[in-house]
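**Student:** Next up, query-v7.txt (compact mmCIF, C-alpha atoms).
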```txt
# COMPACT_ATOMS: atom_id res chain seq x y z
CA MET A 1 15.74 -37.22 30.07
CA THR A 2 16.02 -37.09 26.31
CA GLU A 3 12.97 -36.42 24.17
CA GLY A 4 11.64 -39.13 21.91
CA PRO A 5 11.26 -38.83 18.13
CA ALA A 6 7.56 -37.87 18.44
CA ALA A 7 8.34 -34.94 20.76
CA VAL A 8 11.06 -33.71 18.45
CA ALA A 9 8.70 -33.97 15.48
CA ARG A 10 6.13 -31.81 17.28
CA ARG A 11 8.55 -28.92 17.73
CA PRO A 12 7.81 -25.93 15.48
CA PRO A 13 10.54 -25.37 12.88
CA THR A 14 13.18 -22.82 13.78
CA LEU A 15 15.58 -20.62 11.86
CA ASP A 16 18.23 -23.32 12.28
CA THR A 17 15.83 -26.01 10.99
CA VAL A 18 15.17 -23.97 7.84
CA ALA A 19 18.88 -23.27 7.36
CA THR A 20 19.71 -27.00 7.55
CA ALA A 21 16.89 -27.94 5.16
CA ALA A 22 17.94 -25.27 2.66
CA GLY A 23 21.67 -25.96 2.96
CA VAL A 24 22.50 -22.35 3.85
CA SER A 25 23.61 -20.45 6.92
CA ARG A 26 21.28 -19.16 9.62
CA ALA A 27 22.23 -15.60 8.61
CA THR A 28 21.12 -16.25 5.03
CA VAL A 29 17.70 -17.42 6.22
CA SER A 30 17.40 -14.28 8.36
CA ARG A 31 18.29 -12.05 5.40
CA VAL A 32 15.63 -13.73 3.23
CA ILE A 33 12.96 -13.28 5.91
CA ASN A 34 13.86 -9.63 6.42
CA GLY A 35 13.84 -8.89 2.68
CA SER A 36 17.55 -8.15 2.35
CA PRO A 37 18.81 -7.87 -1.24
CA ARG A 38 22.13 -9.45 -0.24
CA VAL A 39 21.02 -12.98 -1.10
CA SER A 40 21.54 -14.79 -4.39
CA PRO A 41 18.38 -15.82 -6.29
CA GLU A 42 19.33 -19.48 -5.93
CA ALA A 43 19.79 -19.29 -2.15
CA ARG A 44 16.58 -17.27 -1.80
CA ALA A 45 14.65 -19.93 -3.76
CA ARG A 46 16.02 -22.74 -1.56
CA VAL A 47 15.16 -20.88 1.65
CA GLU A 48 11.63 -20.01 0.48
CA ALA A 49 11.05 -23.62 -0.56
CA ALA A 50 12.25 -24.87 2.85
CA ILE A 51 10.01 -22.37 4.66
CA ALA A 52 6.99 -23.54 2.66
CA ARG A 53 7.82 -27.22 3.15
CA LEU A 54 8.43 -26.96 6.90
CA GLY A 55 5.64 -24.46 7.60
CA TYR A 56 8.06 -22.08 9.32
CA VAL A 57 6.47 -18.90 10.76
CA PRO A 58 8.87 -16.05 11.66
CA ASN A 59 8.80 -14.80 15.24
CA HIS A 60 7.62 -11.25 14.55
CA ALA A 61 7.89 -10.24 18.18
CA ALA A 62 11.59 -11.09 18.26
CA ARG A 63 12.08 -9.54 14.83
CA SER A 64 10.48 -6.30 16.01
CA LEU A 65 12.86 -6.10 18.95
CA VAL A 66 15.86 -6.50 16.68
CA MET A 67 14.66 -4.16 13.92
CA ARG A 68 12.85 -1.68 16.20
CA ARG A 69 9.74 -2.13 14.05
CA THR A 70 6.14 -2.71 15.09
CA ASP A 71 4.74 -3.48 11.61
CA SER A 72 1.90 -1.06 12.30
CA ILE A 73 1.04 2.49 11.31
CA ALA A 74 -1.47 4.91 12.79
CA LEU A 75 -4.18 6.78 10.90
CA VAL A 76 -4.93 9.81 13.06
CA MET A 77 -8.04 11.98 12.69
CA ARG A 78 -8.74 15.02 14.80
CA GLU A 79 -12.50 14.67 14.83
CA PRO A 80 -15.17 13.54 17.31
CA ASP A 81 -16.07 9.86 17.01
CA ALA A 82 -19.55 10.73 15.74
CA THR A 83 -18.08 12.79 12.88
CA VAL A 84 -15.76 9.98 11.78
CA LEU A 85 -18.63 7.51 11.77
CA ALA A 86 -21.06 9.83 9.94
CA ASP A 87 -18.78 11.33 7.28
CA PRO A 88 -18.53 9.07 4.19
CA TYR A 89 -15.33 10.80 3.07
CA LEU A 90 -13.54 9.81 6.30
CA GLY A 91 -15.02 6.32 6.10
CA ASN A 92 -13.73 5.95 2.56
CA MET A 93 -10.31 7.17 3.69
CA ILE A 94 -10.16 4.47 6.37
CA ILE A 95 -11.28 1.70 4.00
CA ALA A 96 -8.94 2.78 1.18
CA THR A 97 -5.95 2.99 3.54
CA SER A 98 -6.67 -0.48 4.89
CA GLN A 99 -6.91 -1.84 1.36
CA ALA A 100 -3.63 -0.15 0.40
CA LEU A 101 -1.87 -1.99 3.23
CA ALA A 102 -3.29 -5.41 2.31
CA GLY A 103 -0.47 -7.85 1.66
CA THR A 104 2.22 -5.61 3.16
CA GLY A 105 2.20 -7.23 6.60
CA VAL A 106 1.56 -3.80 8.12
CA GLN A 107 -1.45 -3.29 10.40
CA LEU A 108 -3.54 -0.11 10.54
CA VAL A 109 -4.25 1.47 13.91
CA LEU A 110 -7.07 4.03 13.87
CA MET A 111 -6.68 6.83 16.39
CA ASN A 112 -8.79 9.88 17.19
CA ALA A 113 -7.57 13.02 18.91
CA LYS A 114 -10.60 15.16 19.70
CA ASN A 115 -8.83 17.88 21.70
CA ASP A 116 -5.39 19.27 22.54
CA ALA A 117 -4.93 17.04 25.59
CA GLU A 118 -5.57 13.89 23.56
CA HIS A 119 -3.29 15.26 20.84
CA ALA A 120 -0.43 15.60 23.33
CA ARG A 121 -0.92 12.05 24.63
CA LEU A 122 -1.04 10.75 21.07
CA ALA A 123 2.25 12.51 20.24
CA ASP A 124 3.90 10.87 23.27
CA TYR A 125 2.48 7.47 22.26
CA VAL A 126 3.83 7.73 18.71
CA ARG A 127 7.23 9.03 19.78
CA GLY A 128 7.41 6.11 22.20
CA GLY A 129 7.81 3.76 19.24
CA HIS A 130 4.40 2.08 19.40
CA VAL A 131 3.88 2.53 15.64
CA ASP A 132 6.33 2.82 12.74
CA GLY A 133 4.72 5.88 11.16
CA VAL A 134 1.67 8.12 11.06
CA LEU A 135 -0.92 9.17 8.49
CA LEU A 136 -2.72 12.38 9.46
CA ALA A 137 -6.14 13.33 8.10
CA SER A 138 -8.81 15.96 8.77
CA MET A 139 -6.52 18.43 10.51
CA HIS A 140 -7.81 21.68 11.98
CA GLY A 141 -5.98 24.97 12.34
CA ASP A 142 -2.23 25.20 12.69
CA ASP A 143 -1.97 21.69 14.08
CA PRO A 144 1.39 21.21 15.87
CA LEU A 145 1.45 17.42 15.49
CA PRO A 146 3.04 17.25 11.99
CA ARG A 147 5.97 19.44 13.09
CA ILE A 148 6.39 17.53 16.35
CA LEU A 149 6.55 14.18 14.53
CA VAL A 150 8.88 15.39 11.78
CA GLU A 151 11.28 16.93 14.30
CA SER A 152 11.17 13.68 16.31
CA GLY A 153 12.17 11.66 13.24
CA VAL A 154 8.84 9.83 13.01
CA PRO A 155 7.80 9.01 9.40
CA VAL A 156 4.61 10.97 8.69
CA VAL A 157 2.39 11.81 5.72
CA VAL A 158 -0.44 14.34 5.87
CA GLY A 159 -3.67 14.17 3.90
CA GLY A 160 -4.37 17.74 2.85
CA ARG A 161 -2.44 20.97 2.89
CA PRO A 162 -0.92 21.97 6.25
CA ALA A 163 -1.86 25.47 7.40
CA ARG A 164 1.84 26.31 7.48
CA PRO A 165 4.69 24.64 5.56
CA VAL A 166 6.72 22.16 7.62
CA PRO A 167 10.19 21.40 6.20
CA GLY A 168 10.56 17.68 5.51
CA LEU A 169 6.81 16.97 5.71
CA THR A 170 5.14 14.94 2.95
CA SER A 171 1.56 15.90 2.13
CA VAL A 172 -0.97 14.54 -0.36
CA ASP A 173 -3.70 17.07 -1.11
CA VAL A 174 -6.43 17.37 -3.72
CA ASP A 175 -7.04 20.48 -5.83
CA ASN A 176 -9.62 22.05 -3.54
CA LEU A 177 -9.03 25.51 -4.99
CA GLY A 178 -9.59 24.34 -8.56
CA GLY A 179 -12.55 22.20 -7.49
CA GLY A 180 -14.28 25.12 -5.80
CA GLN A 181 -13.72 27.20 -8.90
CA LEU A 182 -15.08 24.43 -11.17
CA ALA A 183 -18.24 24.10 -9.07
CA THR A 184 -18.95 27.83 -9.06
CA GLU A 185 -18.20 28.24 -12.75
CA ARG A 186 -20.68 25.45 -13.51
CA LEU A 187 -23.39 27.40 -11.72
CA LEU A 188 -22.45 30.65 -13.44
CA SER A 189 -22.40 28.97 -16.85
CA GLY A 190 -26.06 28.09 -16.34
CA ASP A 191 -27.00 31.79 -16.18
CA ARG A 192 -27.17 31.83 -12.40
CA ARG A 193 -26.50 35.31 -11.12
CA ARG A 194 -26.88 35.17 -7.34
CA VAL A 195 -24.60 32.28 -6.42
CA ALA A 196 -23.98 31.58 -2.75
CA THR A 197 -21.70 29.13 -1.01
CA ILE A 198 -21.99 27.00 2.11
CA ALA A 199 -18.34 26.90 3.13
CA GLY A 200 -16.74 24.38 5.46
CA PRO A 201 -15.06 25.04 8.83
CA ALA A 202 -12.89 28.14 8.66
CA ASP A 203 -10.01 26.37 10.46
CA MET A 204 -9.59 23.67 7.78
CA THR A 205 -7.39 24.33 4.75
CA ALA A 206 -9.57 22.24 2.43
CA ALA A 207 -12.57 24.42 3.28
CA ALA A 208 -10.54 27.61 2.93
CA ASP A 209 -9.26 26.55 -0.49
CA ARG A 210 -12.75 25.66 -1.74
CA LEU A 211 -14.02 29.05 -0.56
CA ALA A 212 -11.11 30.73 -2.35
CA GLY A 213 -12.07 28.86 -5.53
CA TYR A 214 -15.65 30.14 -5.21
CA ARG A 215 -14.36 33.68 -4.83
CA MET A 216 -12.05 33.35 -7.84
CA ALA A 217 -14.91 32.24 -10.09
CA LEU A 218 -17.28 34.88 -8.73
CA GLY A 219 -14.64 37.57 -9.13
CA ALA A 220 -14.64 37.01 -12.89
CA VAL A 221 -18.29 38.13 -13.08
CA GLU A 222 -18.80 41.88 -12.98
CA GLY A 223 -21.06 43.00 -10.16
CA ALA A 224 -21.35 39.54 -8.59
CA GLU A 225 -21.99 39.58 -4.84
CA GLU A 226 -20.47 37.16 -2.35
CA LEU A 227 -22.97 35.22 -0.24
CA VAL A 228 -21.18 33.02 2.31
CA GLU A 229 -22.41 30.93 5.22
CA HIS A 230 -20.24 28.42 7.07
CA GLY A 231 -21.13 24.87 8.07
CA ASP A 232 -19.16 22.07 9.70
CA PHE A 233 -19.36 19.49 6.88
CA THR A 234 -22.50 17.86 8.39
CA ARG A 235 -25.92 17.56 6.76
CA GLU A 236 -27.56 19.47 9.62
CA SER A 237 -25.20 22.41 9.21
CA GLY A 238 -26.05 22.49 5.51
CA GLU A 239 -29.74 22.78 6.37
CA ARG A 240 -29.10 25.66 8.78
CA ALA A 241 -26.75 27.49 6.40
CA MET A 242 -29.22 27.19 3.52
CA ALA A 243 -31.98 28.66 5.66
CA ALA A 244 -29.72 31.57 6.64
CA LEU A 245 -28.80 32.22 3.01
CA LEU A 246 -32.43 32.27 1.91
CA GLU A 247 -33.21 34.76 4.66
CA ARG A 248 -30.37 37.03 3.51
CA ALA A 249 -30.97 36.61 -0.23
CA PRO A 250 -34.43 35.21 -1.07
CA ASP A 251 -33.66 35.60 -4.80
CA LEU A 252 -30.46 33.51 -4.84
CA ASP A 253 -30.47 30.97 -7.65
CA GLY A 254 -27.31 28.90 -7.15
CA VAL A 255 -25.45 27.32 -4.22
CA PHE A 256 -22.04 25.69 -4.03
CA ALA A 257 -21.82 23.55 -0.90
CA ALA A 258 -18.28 22.64 0.15
CA ASN A 259 -19.16 18.97 0.64
CA ASP A 260 -21.95 16.62 -0.40
CA LEU A 261 -23.39 16.18 3.09
CA MET A 262 -23.97 19.93 3.40
CA ALA A 263 -25.35 19.94 -0.16
CA ALA A 264 -27.85 17.25 0.85
CA GLY A 265 -28.86 19.39 3.82
CA ALA A 266 -29.32 22.38 1.51
CA LEU A 267 -31.57 20.33 -0.77
CA ARG A 268 -33.76 19.42 2.19
CA THR A 269 -34.18 23.06 3.21
CA LEU A 270 -34.92 24.11 -0.36
CA ARG A 271 -37.64 21.46 -0.66
CA ALA A 272 -39.12 22.47 2.69
CA THR A 273 -39.32 26.11 1.57
CA GLY A 274 -40.95 25.30 -1.77
CA HIS A 275 -37.94 25.89 -4.02
CA ARG A 276 -37.57 23.67 -7.08
CA VAL A 277 -34.10 22.24 -7.73
CA PRO A 278 -32.50 23.02 -10.11
CA ASP A 279 -35.23 25.19 -11.71
CA ASP A 280 -35.32 27.83 -8.96
CA VAL A 281 -32.03 27.09 -7.19
CA ALA A 282 -29.22 24.93 -8.58
CA VAL A 283 -26.95 23.13 -6.09
CA VAL A 284 -23.43 21.79 -6.58
CA GLY A 285 -21.57 19.78 -3.96
CA PHE A 286 -18.03 18.48 -3.41
CA ASP A 287 -16.69 14.92 -2.83
CA ASP A 288 -18.91 12.70 -5.04
CA ILE A 289 -19.79 10.31 -2.24
CA GLU A 290 -22.34 7.53 -2.82
CA LEU A 291 -25.14 9.78 -1.52
CA ALA A 292 -24.63 12.23 -4.41
CA ARG A 293 -26.11 9.73 -6.88
CA HIS A 294 -29.20 9.15 -4.76
CA THR A 295 -30.35 12.62 -3.72
CA GLU A 296 -33.44 14.08 -5.36
CA PRO A 297 -32.42 15.31 -7.87
CA PRO A 298 -29.01 13.57 -8.24
CA LEU A 299 -26.29 15.95 -7.14
CA THR A 300 -23.88 17.66 -9.47
CA THR A 301 -20.60 17.65 -7.55
CA VAL A 302 -16.82 17.78 -7.67
CA ARG A 303 -15.16 14.38 -7.40
CA GLN A 304 -12.05 14.15 -5.28
CA PRO A 305 -9.95 10.98 -5.63
CA VAL A 306 -10.04 9.78 -2.02
CA VAL A 307 -8.99 6.21 -2.91
CA ASP A 308 -5.97 7.45 -4.88
CA GLN A 309 -5.14 9.89 -2.10
CA ALA A 310 -5.22 7.21 0.61
CA ARG A 311 -3.25 4.73 -1.49
CA LEU A 312 -0.52 7.27 -2.28
CA MET A 313 -0.32 8.40 1.34
CA ALA A 314 0.22 4.79 2.46
CA GLU A 315 2.83 4.15 -0.25
CA LEU A 316 4.80 7.30 0.61
CA LEU A 317 4.71 6.48 4.31
CA LEU A 318 5.95 2.92 3.76
CA THR A 319 8.79 4.33 1.65
CA GLN A 320 9.84 6.55 4.56
CA ILE A 321 9.56 3.68 7.05
CA GLY A 322 11.82 1.64 4.76
CA GLY A 323 14.49 4.33 4.92
CA GLY A 324 13.52 6.36 1.86
CA PRO A 325 13.32 10.17 1.80
CA ALA A 326 10.22 12.27 2.44
CA ALA A 327 8.54 13.11 -0.87
CA ASP A 328 7.65 16.56 -2.13
CA PRO A 329 4.02 17.69 -1.60
CA VAL A 330 1.54 16.17 -4.07
CA VAL A 331 -1.74 17.71 -5.30
CA LEU A 332 -4.21 15.37 -7.03
CA PRO A 333 -6.71 16.70 -9.60
CA THR A 334 -10.45 17.09 -9.04
CA GLN A 335 -13.21 16.62 -11.61
CA LEU A 336 -16.70 18.00 -12.09
CA VAL A 337 -19.43 15.36 -12.22
CA ASP A 338 -22.41 17.00 -13.95
CA ARG A 339 -25.78 15.46 -13.07
CA PHE A 340 -28.14 18.34 -13.80
CA THR A 341 -28.96 20.93 -16.44
CA ALA A 342 -28.77 24.36 -14.83
```
Represent the structure contained in this file as structure tokens.
**Tutor:**
Amino acid sequence: MTEGPAAVARRPPTLDTVATAAGVSRATVSRVINGSPRVSPEARARVEAAIARLGYVPNHAARSLVMRRTDSIALVMREPDATVLADPYLGNMIIATSQALAGTGVQLVLMNAKNDAEHARLADYVRGGHVDGVLLASMHGDDPLPRILVESGVPVVVGGRPARPVPGLTSVDVDNLGGGQLATERLLSGDRRRVATIAGPADMTAAADRLAGYRMALGAVEGAEELVEHGDFTRESGERAMAALLERAPDLDGVFAANDLMAAGALRTLRATGHRVPDDVAVVGFDDIELARHTEPPLTTVRQPVVDQARLMAELLLTQIGGGPAADPVVLPTQLVDRFTA
């Protein structure tokens, strides 16, 4: 039985419908939809006008099968869920990455890998073609995942410096070494003489570089003594590390904390032990998260450009997914934000 005019009218427009309306071939419509440059401006304009007029929506499922694309990328963090939710830096990374992908038609898939077993399953998932590429952030130790993905031909960009170089791997880091040096020099320029540091996890390159920056600045001062305690980038670990430092060196007068959360924890311990900040002990943090402007007193800190970092990581990954080459490693500058008089 043939369909009546009403039934035909209710059919959603197809590739052939658009081609007929635009006066071009079906292949030309397909090239326009897939962004091919092999279409004249005039033909492209006719096809786009026909698509708008008819309300045609491409079948992305069928397109993905043909192009072997999922139109999604994964942002992978090797941290416990609680850490991701509590750390403003990681939250800002997620938000900035999502904003960078707005309007691209690419969806962001957030994935956590808290241990080696989950890491292995994640590698199998990615290599199985479930996403088009991977952004890696907050890596610990000599993480094997970047090498595995690169050797498997999966587009990947790392936020931060890998513990070991991986040929063909694109990374976008910030100047953690220079930032740690800036923070410590600011304390030393205020006539502080016993300057300690609350360093981050020893298995993270960002923490190691910030500690190296502290040591570089301290090494320029004759007779200066290193005072180092490690935290895990949480406020609670900053409190504990500050207490340990005060026990070791009751006369310390400056502290560089390797992130703002640990700096906030240090401030709490200093207040609880009767130390005035910055009069008795000056504190400098790292990140310049929102909290830094609202501590008491406001926190002098090193600003790292997390929004620029996330945006560039997304751009470089999309370039790879589109067939472009992996970019050389990038290091973005850091900046001291001075909110106290030491």
**Student:** Counting only C-alpha atoms, which residue out of A:Gln181, A:Ser152, A:Thr295, A:Thr70 sits closest to Leu169 (chain A)?
**Tutor:** A:Ser152
**Student:** If I take CA of Thr184 (chain A) and CA of Met77 (chain A), how far is one from the other in Å, to one decimal?
**Tutor:** 29.0 Å
**Student:** Hey, what's within 12 Å of Gly223 (chain A) if we count only C-alpha atoms and toss same-chain stuff fewer than 2 positions away? As a PDB file with C-alpha atoms, in the coordinates of the input, please?
**Tutor:**
```
ATOM      1  CA  ARG A 193     -26.500  35.310 -11.120  1.00  0.00           C
ATOM      2  CA  ARG A 194     -26.880  35.170  -7.340  1.00  0.00           C
ATOM      3  CA  VAL A 195     -24.600  32.280  -6.420  1.00  0.00           C
ATOM      4  CA  LEU A 218     -17.280  34.880  -8.730  1.00  0.00           C
ATOM      5  CA  GLY A 219     -14.640  37.570  -9.130  1.00  0.00           C
ATOM      6  CA  ALA A 220     -14.640  37.010 -12.890  1.00  0.00           C
ATOM      7  CA  VAL A 221     -18.290  38.130 -13.080  1.00  0.00           C
ATOM      8  CA  GLU A 225     -21.990  39.580  -4.840  1.00  0.00           C
ATOM      9  CA  GLU A 226     -20.470  37.160  -2.350  1.00  0.00           C
TER      10      GLU A 226
END
```
**Student:** Please measure the separation of CA of Leu227 (chain A) and CA of Leu211 (chain A), giving the value in Å to one decimal.
**Tutor:** 10.9 Å
**Student:** May I ask which of the residues A:Val307, A:Asp253, A:Val158, A:Ala264 is the closest one to Arg276 (chain A), counting all atoms listed in the file?
**Tutor:**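 With all atoms listed in the file as the atom set, the closest residue is A:Asp253.
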**Student:** Calculate how many Å separate CA of Thr273 (chain A) from CA of Arg210 (chain A), rounding to one decimal.
**Tutor:**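 Value for the CA of Thr273 (chain A)-CA of Arg210 (chain A) distance: 26.8 Å.
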**Student:** If we draw a sphere of 9 Å around (-6.0, 19.9, -5.2), which residues have at least one atom in it when counting all atoms listed in the file? Please report them as a PyMOL selection string.
**Tutor:** chain A and resi 160-161+172-179+206+209+304+330-334
**Student:** Check the smallest atom-to-atom distance from each of A:Pro37, A:Gly324, A:Gly265, A:Gly159 to Ala137 (chain A) using only C-alpha atoms, then report the winner.
**Tutor:** A:Gly159
**Student:** Extract, using only C-alpha atoms, all DNA, RNA and protein residues at most 10 Å from region 22-25 of chain A, discarding same-chain residues fewer than 6 positions from it, and format them as an MDAnalysis selection string.
**Tutor:** chainID A and resid 15:16 43:51
**Student:** Excluding region 93-110 of chain A and residues on its chain fewer than 4 positions from it, collect all residues at most 9 Å away from it, counting all atoms listed in the file, and give them as a short mmCIF file (atom, residue, chain, number, x, y, z; two decimals) with C-alpha atoms, in the frame of the given file.
**Tutor:**
```cif
data_model
loop_
_atom_site.label_atom_id
_atom_site.label_comp_id
_atom_site.auth_asym_id
_atom_site.auth_seq_id
_atom_site.Cartn_x
_atom_site.Cartn_y
_atom_site.Cartn_z
CA THR A 70 6.14 -2.71 15.09
CA ASP A 71 4.74 -3.48 11.61
CA SER A 72 1.90 -1.06 12.30
CA ILE A 73 1.04 2.49 11.31
CA ALA A 74 -1.47 4.91 12.79
CA LEU A 75 -4.18 6.78 10.90
CA VAL A 76 -4.93 9.81 13.06
CA MET A 77 -8.04 11.98 12.69
CA PRO A 88 -18.53 9.07 4.19
CA TYR A 89 -15.33 10.80 3.07
CA VAL A 131 3.88 2.53 15.64
CA ALA A 137 -6.14 13.33 8.10
CA VAL A 306 -10.04 9.78 -2.02
CA VAL A 307 -8.99 6.21 -2.91
CA ASP A 308 -5.97 7.45 -4.88
CA GLN A 309 -5.14 9.89 -2.10
CA ALA A 310 -5.22 7.21 0.61
CA ARG A 311 -3.25 4.73 -1.49
CA LEU A 312 -0.52 7.27 -2.28
CA MET A 313 -0.32 8.40 1.34
CA ALA A 314 0.22 4.79 2.46
CA GLU A 315 2.83 4.15 -0.25
#
```
**Student:** If you count only C-alpha atoms, which residues fall within 12 Å of Pro167 (chain A), apart from same-chain ones fewer than 3 positions away, as a ChimeraX atom specification?
**Tutor:** /A:146-151,162,164,170-171,326-329
**Student:** Got a sec to check which residues sit within 10 Å of (-23.3, 23.8, 10.8), counting all atoms listed in the file, and write them as a compact mmCIF listing (two decimals) with C-alpha atoms, keeping the file's coordinate frame?
**Tutor:**
```txt
# COMPACT_ATOMS: atom_id res chain seq x y z
CA ILE A 198 -21.99 27.00 2.11
CA ALA A 199 -18.34 26.90 3.13
CA GLY A 200 -16.74 24.38 5.46
CA PRO A 201 -15.06 25.04 8.83
CA GLU A 229 -22.41 30.93 5.22
CA HIS A 230 -20.24 28.42 7.07
CA GLY A 231 -21.13 24.87 8.07
CA ASP A 232 -19.16 22.07 9.70
CA PHE A 233 -19.36 19.49 6.88
CA THR A 234 -22.50 17.86 8.39
CA ARG A 235 -25.92 17.56 6.76
CA GLU A 236 -27.56 19.47 9.62
CA SER A 237 -25.20 22.41 9.21
CA GLY A 238 -26.05 22.49 5.51
CA GLU A 239 -29.74 22.78 6.37
CA ARG A 240 -29.10 25.66 8.78
CA ALA A 241 -26.75 27.49 6.40
CA MET A 242 -29.22 27.19 3.52
CA MET A 262 -23.97 19.93 3.40
CA GLY A 265 -28.86 19.39 3.82
```
**Student:** Give the answer as one residue: which of A:Ile33, A:Val156, A:Val39, A:Ala257 has the shortest atom-to-atom distance to Leu135 (chain A), using only C-alpha atoms?
**Tutor:** A:Val156
**Student:** For each of A:Val166, A:Leu54, A:Leu291, A:Val157, take the minimum atom-to-atom distance to Ala21 (chain A), counting only C-alpha atoms, then give the residue where this is smallest.
**Tutor:**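 With only C-alpha atoms as the atom set, the closest residue is A:Leu54.
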**Student:** Counting all atoms listed in the file, what is within 7 Å of Met139 (chain A), bar same-chain residues fewer than 4 positions away, as a PDB file with C-alpha atoms, in the coordinates of the input?
**Tutor:**
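Listing of part08.pdb after writing:
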```pdb
ATOM      1  CA  MET A  77      -8.040  11.980  12.690  1.00  0.00           C
ATOM      2  CA  ARG A  78      -8.740  15.020  14.800  1.00  0.00           C
ATOM      3  CA  ASP A 143      -1.970  21.690  14.080  1.00  0.00           C
ATOM      4  CA  MET A 204      -9.590  23.670   7.780  1.00  0.00           C
TER       5      MET A 204
END
```
**Student:** Would you mind completing region 13-31 of chain A so that it carries N, CA and C atoms, and writing it out as an mmCIF file, in the frame of the given file?
**Tutor:**
```
data_model
loop_
_atom_site.group_PDB
_atom_site.id
_atom_site.type_symbol
_atom_site.label_atom_id
_atom_site.label_comp_id
_atom_site.auth_asym_id
_atom_site.auth_seq_id
_atom_site.Cartn_x
_atom_site.Cartn_y
_atom_site.Cartn_z
ATOM 1 N N PRO A 13 9.249 -25.602 13.531
ATOM 2 C CA PRO A 13 10.540 -25.370 12.880
ATOM 3 C C PRO A 13 11.150 -24.043 13.301
ATOM 4 N N THR A 14 12.467 -24.032 13.383
ATOM 5 C CA THR A 14 13.180 -22.820 13.780
ATOM 6 C C THR A 14 14.020 -22.313 12.623
ATOM 7 N N LEU A 15 14.680 -21.183 12.861
ATOM 8 C CA LEU A 15 15.580 -20.620 11.860
ATOM 9 C C LEU A 15 16.665 -21.634 11.500
ATOM 10 N N ASP A 16 17.182 -22.320 12.523
ATOM 11 C CA ASP A 16 18.230 -23.320 12.280
ATOM 12 C C ASP A 16 17.688 -24.505 11.470
ATOM 13 N N THR A 17 16.439 -24.906 11.746
ATOM 14 C CA THR A 17 15.830 -26.010 10.990
ATOM 15 C C THR A 17 15.741 -25.658 9.510
ATOM 16 N N VAL A 18 15.293 -24.416 9.241
ATOM 17 C CA VAL A 18 15.170 -23.970 7.840
ATOM 18 C C VAL A 18 16.537 -23.910 7.184
ATOM 19 N N ALA A 19 17.529 -23.381 7.921
ATOM 20 C CA ALA A 19 18.880 -23.270 7.360
ATOM 21 C C ALA A 19 19.427 -24.645 6.975
ATOM 22 N N THR A 20 19.230 -25.642 7.845
ATOM 23 C CA THR A 20 19.710 -27.000 7.550
ATOM 24 C C THR A 20 18.995 -27.573 6.330
ATOM 25 N N ALA A 21 17.670 -27.391 6.280
ATOM 26 C CA ALA A 21 16.890 -27.940 5.160
ATOM 27 C C ALA A 21 17.261 -27.280 3.840
ATOM 28 N N ALA A 22 17.619 -25.992 3.893
ATOM 29 C CA ALA A 22 17.940 -25.270 2.660
ATOM 30 C C ALA A 22 19.417 -25.365 2.297
ATOM 31 N N GLY A 23 20.243 -25.854 3.217
ATOM 32 C CA GLY A 23 21.670 -25.960 2.960
ATOM 33 C C GLY A 23 22.371 -24.612 2.929
ATOM 34 N N VAL A 24 21.884 -23.687 3.781
ATOM 35 C CA VAL A 24 22.500 -22.350 3.850
ATOM 36 C C VAL A 24 22.740 -22.014 5.308
ATOM 37 N N SER A 25 23.347 -20.854 5.546
ATOM 38 C CA SER A 25 23.610 -20.450 6.920
ATOM 39 C C SER A 25 22.355 -19.847 7.553
ATOM 40 N N ARG A 26 22.386 -19.782 8.885
ATOM 41 C CA ARG A 26 21.280 -19.160 9.620
ATOM 42 C C ARG A 26 21.137 -17.694 9.221
ATOM 43 N N ALA A 27 22.259 -17.013 8.989
ATOM 44 C CA ALA A 27 22.230 -15.600 8.610
ATOM 45 C C ALA A 27 21.546 -15.402 7.260
ATOM 46 N N THR A 28 21.762 -16.359 6.348
ATOM 47 C CA THR A 28 21.120 -16.250 5.030
ATOM 48 C C THR A 28 19.607 -16.360 5.153
ATOM 49 N N VAL A 29 19.142 -17.287 5.997
ATOM 50 C CA VAL A 29 17.700 -17.420 6.220
ATOM 51 C C VAL A 29 17.137 -16.121 6.793
ATOM 52 N N SER A 30 17.853 -15.526 7.748
ATOM 53 C CA SER A 30 17.400 -14.280 8.360
ATOM 54 C C SER A 30 17.314 -13.161 7.329
ATOM 55 N N ARG A 31 18.311 -13.111 6.436
ATOM 56 C CA ARG A 31 18.290 -12.050 5.400
ATOM 57 C C ARG A 31 17.099 -12.235 4.460
#
```
